[in-house]
>>> print(open('structure_20.txt').read())   # compact mmCIF, C-alpha atoms
# COMPACT_ATOMS: atom_id res chain seq x y z
CA MET A 166 -10.36 4.74 -14.21
CA PRO A 167 -10.07 1.68 -12.01
CA GLN A 168 -10.74 2.23 -8.32
CA PHE A 169 -10.69 -0.25 -5.52
CA THR A 170 -11.60 0.04 -1.82
CA ILE A 171 -11.46 -2.62 0.84
CA ARG A 172 -12.24 -2.37 4.55
CA ARG A 173 -11.22 -5.08 6.92
CA ARG A 174 -11.38 -5.45 10.70
CA VAL A 175 -8.14 -6.92 12.01
CA ARG A 176 -7.15 -8.14 15.46
CA HIS A 177 -4.22 -5.77 15.81
CA SER A 178 -4.03 -2.22 17.08
CA ALA A 179 -4.30 0.72 14.69
CA ALA A 180 -0.78 1.81 15.69
CA ASP A 181 0.66 -1.63 14.92
CA MET A 182 -1.07 -1.76 11.54
CA PHE A 183 0.08 1.77 10.72
CA ASP A 184 3.68 0.77 11.53
CA LEU A 185 3.40 -2.37 9.41
CA VAL A 186 2.12 -0.51 6.34
CA ALA A 187 4.61 2.34 6.88
CA ASP A 188 7.50 -0.15 6.75
CA VAL A 189 7.59 -0.04 2.94
CA GLU A 190 11.07 -1.55 2.65
CA HIS A 191 9.69 -4.95 3.67
CA TYR A 192 6.94 -5.03 1.02
CA PRO A 193 8.82 -7.35 -1.38
CA ALA A 194 8.67 -10.06 1.30
CA PHE A 195 4.86 -10.26 1.36
CA VAL A 196 3.01 -7.81 -0.92
CA PRO A 197 1.44 -9.38 -4.04
CA LEU A 198 3.25 -8.38 -7.28
CA CYS A 199 5.90 -6.31 -5.43
CA LYS A 200 9.32 -7.59 -6.50
CA ASP A 201 11.53 -4.72 -5.29
CA LEU A 202 11.29 -1.47 -3.36
CA LYS A 203 14.01 1.13 -2.87
CA VAL A 204 13.64 4.13 -0.57
CA ARG A 205 15.24 7.17 -2.20
CA GLN A 206 14.47 9.75 0.51
CA HIS A 207 13.05 9.74 4.00
CA ASN A 208 12.20 13.08 5.63
CA SER A 209 10.58 14.06 8.89
CA GLU A 210 8.04 16.84 8.48
CA GLY A 211 7.58 17.19 12.26
CA GLU A 212 4.63 16.49 14.55
CA GLY A 213 4.51 12.80 13.64
CA VAL A 214 4.45 13.27 9.86
CA GLU A 215 7.12 11.79 7.58
CA THR A 216 7.52 11.54 3.82
CA VAL A 217 9.22 8.78 1.90
CA ILE A 218 10.10 8.82 -1.80
CA ALA A 219 10.29 5.23 -3.02
CA ASP A 220 10.65 3.25 -6.24
CA MET A 221 8.57 0.09 -6.41
CA THR A 222 8.94 -2.61 -9.04
CA VAL A 223 5.94 -4.79 -9.75
CA SER A 224 6.14 -7.91 -11.85
CA PHE A 225 3.80 -10.48 -13.29
CA LYS A 226 5.01 -13.14 -15.71
CA LEU A 227 7.01 -11.29 -18.40
CA VAL A 228 5.76 -7.80 -17.48
CA ARG A 229 7.95 -5.78 -15.12
CA GLU A 230 7.31 -2.09 -14.36
CA SER A 231 8.75 0.39 -11.87
CA PHE A 232 7.23 3.56 -10.54
CA ARG A 233 8.14 6.27 -8.05
CA SER A 234 5.80 7.63 -5.42
CA ARG A 235 5.71 9.95 -2.43
CA VAL A 236 4.40 8.29 0.70
CA THR A 237 3.13 10.58 3.46
CA LEU A 238 3.03 8.84 6.83
CA ASP A 239 0.67 10.81 9.09
CA ARG A 240 0.87 9.06 12.46
CA PRO A 241 -1.44 11.50 14.38
CA LYS A 242 -4.23 10.90 11.83
CA LEU A 243 -3.35 7.19 11.41
CA GLN A 244 -3.34 7.71 7.65
CA ILE A 245 -0.88 6.92 4.87
CA MET A 246 -1.22 8.72 1.52
CA VAL A 247 0.62 7.59 -1.61
CA GLU A 248 1.03 10.00 -4.53
CA TYR A 249 2.32 8.89 -7.89
CA LEU A 250 5.40 10.72 -9.20
CA GLN A 251 6.78 8.81 -12.17
CA GLY A 252 6.32 5.58 -14.12
CA PRO A 253 3.77 3.72 -16.25
CA PHE A 254 0.60 5.33 -14.87
CA SER A 255 -1.22 8.41 -16.11
CA HIS A 256 -2.20 8.79 -12.46
CA MET A 257 -2.23 6.74 -9.29
CA GLN A 258 -3.04 7.54 -5.70
CA ASN A 259 -3.83 5.40 -2.76
CA ARG A 260 -4.71 5.84 0.87
CA TRP A 261 -4.55 3.69 3.97
CA THR A 262 -6.69 4.64 6.96
CA PHE A 263 -6.63 2.92 10.34
CA ARG A 264 -9.58 3.38 12.70
CA LEU A 265 -9.57 2.24 16.30
CA ASP A 266 -11.99 -0.58 17.02
CA GLY A 267 -11.31 -1.40 20.64
CA GLU A 268 -7.90 -1.62 22.29
CA LYS A 269 -6.57 -4.57 20.31
CA ALA A 270 -8.39 -4.25 16.99
CA CYS A 271 -8.87 -1.78 14.19
CA GLU A 272 -10.53 -1.28 10.85
CA VAL A 273 -8.08 -0.98 7.98
CA GLU A 274 -9.25 0.77 4.83
CA PHE A 275 -7.26 0.62 1.60
CA PHE A 276 -8.28 2.78 -1.37
CA ILE A 277 -6.58 3.06 -4.75
CA ASP A 278 -7.40 4.97 -7.91
CA TYR A 279 -5.15 4.40 -10.92
CA GLU A 280 -4.91 4.35 -14.66
CA PHE A 281 -2.11 3.05 -16.85
CA ARG A 282 -0.67 5.37 -19.50
CA SER A 283 -0.66 2.54 -22.04
CA ARG A 284 -3.92 0.78 -22.88
CA THR A 285 -1.93 -2.36 -23.70
CA LEU A 286 -0.20 -2.36 -20.31
CA GLY A 287 -3.55 -1.65 -18.69
CA MET A 288 -5.03 -4.70 -20.36
CA LEU A 289 -2.04 -6.88 -19.42
CA MET A 290 -1.66 -5.74 -15.82
CA GLY A 291 -5.12 -4.42 -14.96
CA GLY A 292 -6.69 -7.78 -14.18
CA MET A 293 -3.70 -8.83 -12.10
CA PHE A 294 -3.74 -5.52 -10.21
CA ASP A 295 -7.40 -6.05 -9.32
CA LEU A 296 -6.65 -9.55 -8.05
CA ALA A 297 -3.59 -8.31 -6.13
CA PHE A 298 -5.59 -5.51 -4.47
CA ARG A 299 -8.16 -8.06 -3.33
CA ARG A 300 -5.31 -9.98 -1.71
CA PHE A 301 -3.64 -6.92 -0.14
CA ALA A 302 -5.71 -6.83 3.02
CA ALA A 303 -5.17 -10.54 3.65
CA ALA A 304 -1.43 -10.18 2.94
CA PHE A 305 -1.06 -7.33 5.44
CA GLU A 306 -3.16 -9.11 8.06
CA ALA A 307 -1.07 -12.29 7.66
CA ARG A 308 2.10 -10.19 7.95
CA ALA A 309 0.74 -8.55 11.13
CA ASP A 310 0.00 -11.99 12.57
CA GLN A 311 3.59 -13.00 11.77
CA VAL A 312 5.20 -9.81 13.14
CA TYR A 313 2.96 -9.16 16.16
CA GLY A 314 1.56 -12.62 16.86
CA ARG A 315 -1.96 -13.86 16.28
CA LYS A 316 -4.50 -12.06 18.49
CA SER A 317 -7.49 -13.84 19.96
CA ALA A 318 -10.94 -12.79 18.76
>>> encode(input="structure_20.txt", output="structure tokens")
Amino acid sequence: MPQFTIRRRVRHSAADMFDLVADVEHYPAFVPLCKDLKVRQHNSEGEGVETVIADMTVSFKLVRESFRSRVTLDRPKLQIMVEYLQGPFSHMQNRWTFRLDGEKACEVEFFIDYEFRSRTLGMLMGGMFDLAFRRFAAAFEARADQVYGRKSA
């Protein structure tokens, strides 16, 4: 089962980075492999917790796959959990955690654990997924710089 974790210190607040990652509808503009994303439901659970059901389409060369997931946005804990619901995986879950690191910086942690249902699809997309995950942190940091402005060190 492929797993991937990356931690990165960024020069943006934890709240700003949480908001950026929570804004899933804008992913096609900057997230590697993400070609489309449709929010199907958006519910408030109260006390700063929301859930979003979304369909994401990922594409690489001639391979195009869509999957549905439940995204739990837990603002008080500065954590975003993604649970797989339907699509080409036998399982998939990922987690974003944002830890304060001073007033204008934070540590962003991205973790994903996944496995494709089809071995063939896993072989086709697996290598690209690994490369994309390695680029995720940089893509989100670049997006934060664009949205919030570049912060000084």
>>> closest_atom_pairs(input="structure_20.txt", of="stretch 226-308 of chain A", to="stretch 196-212 of chain A", cutoff="10 Å", atoms="all atoms listed in the file", output="CSV")
residue,atom,partner,partner_atom,distance
A:Lys226,CA,A:Leu198,CA,9.8
A:Arg229,CA,A:Lys200,CA,8.9
A:Glu230,CA,A:Lys200,CA,9.8
A:Ser231,CA,A:Asp201,CA,8.8
A:Phe232,CA,A:Leu202,CA,9.7
A:Arg233,CA,A:Arg205,CA,9.2
A:Ser234,CA,A:Val204,CA,9.9
A:Arg235,CA,A:Gln206,CA,9.2
A:Val236,CA,A:His207,CA,9.4
A:Thr237,CA,A:Glu210,CA,9.4
A:Leu238,CA,A:Ser209,CA,9.4
A:Asp239,CA,A:Glu212,CA,8.8
A:Arg240,CA,A:Glu212,CA,8.6
A:Pro241,CA,A:Glu212,CA,7.9
A:Met293,CA,A:Leu198,CA,8.5
A:Phe294,CA,A:Leu198,CA,8.1
A:Leu296,CA,A:Pro197,CA,9.0
A:Ala297,CA,A:Pro197,CA,5.6
A:Phe298,CA,A:Pro197,CA,8.0
A:Arg299,CA,A:Pro197,CA,9.7
A:Arg300,CA,A:Pro197,CA,7.2
A:Phe301,CA,A:Val196,CA,6.8
A:Ala302,CA,A:Val196,CA,9.6
A:Ala303,CA,A:Val196,CA,9.8
A:Ala304,CA,A:Val196,CA,6.3
A:Phe305,CA,A:Val196,CA,7.6
A:Arg308,CA,A:Val196,CA,9.2
>>> residues_around(input="structure_20.txt", residues="A:Ala309", least_positions_apart="3", cutoff="12 Å", atoms="all atoms listed in the file", output="list of chain:residue names")
A:Val175, A:Arg176, A:His177, A:Ser178, A:Ala179, A:Ala180, A:Asp181, A:Met182, A:Phe183, A:Asp184, A:Leu185, A:Val186, A:Asp188, A:Phe195, A:Ala270, A:Ala302, A:Ala303, A:Ala304, A:Phe305, A:Glu306, A:Val312, A:Tyr313, A:Gly314, A:Arg315, A:Lys316
>>> closest_residue(input="structure_20.txt", among="A:Val217, A:Val228, A:Ile171, A:Val189", to="A:Thr285", atoms="all atoms listed in the file")
A:Val228
>>> closest_residue(input="structure_20.txt", among="A:Met221, A:Ile277, A:Ala187, A:Met288", to="A:Met257", atoms="all atoms listed in the file")
A:Ile277
>>> atom_distance(input="structure_20.txt", atom1="atom CA of A:Ser255", atom2="atom CA of A:Arg173")
28.5 Å
>>> atom_distance(input="structure_20.txt", atom1="atom CA of A:Phe275", atom2="atom CA of A:Gln244")
10.1 Å
>>> closest_residue(input="structure_20.txt", among="A:Gly287, A:Tyr279, A:Cys271, A:Pro193", to="A:Arg174", atoms="all atoms listed in the file")
A:Cys271
>>> closest_residue(input="structure_20.txt", among="A:Lys269, A:Ile218, A:Ser283, A:His256", to="A:Pro167", atoms="all atoms listed in the file")
A:His256
>>> closest_residue(input="structure_20.txt", among="A:Glu248, A:Thr262, A:Gln168, A:Ala219", to="A:Glu274", atoms="only C-alpha atoms")
A:Thr262
>>> atom_distance(input="structure_20.txt", atom1="atom CA of A:Ile245", atom2="atom CA of A:Trp261")
5.0 Å
>>> axis_aligned_box(input="structure_20.txt", around="stretch 253-261 of chain A", padding_each_side="3 Å", output="JSON")
{"center_x": -0.5, "center_y": 6.2, "center_z": -6.1, "size_x": 14.5, "size_y": 11.1, "size_z": 26.2}
>>> closest_residue(input="structure_20.txt", among="A:Tyr192, A:Leu243, A:Ala307, A:Pro253", to="A:Arg284", atoms="all atoms listed in the file")
A:Pro253
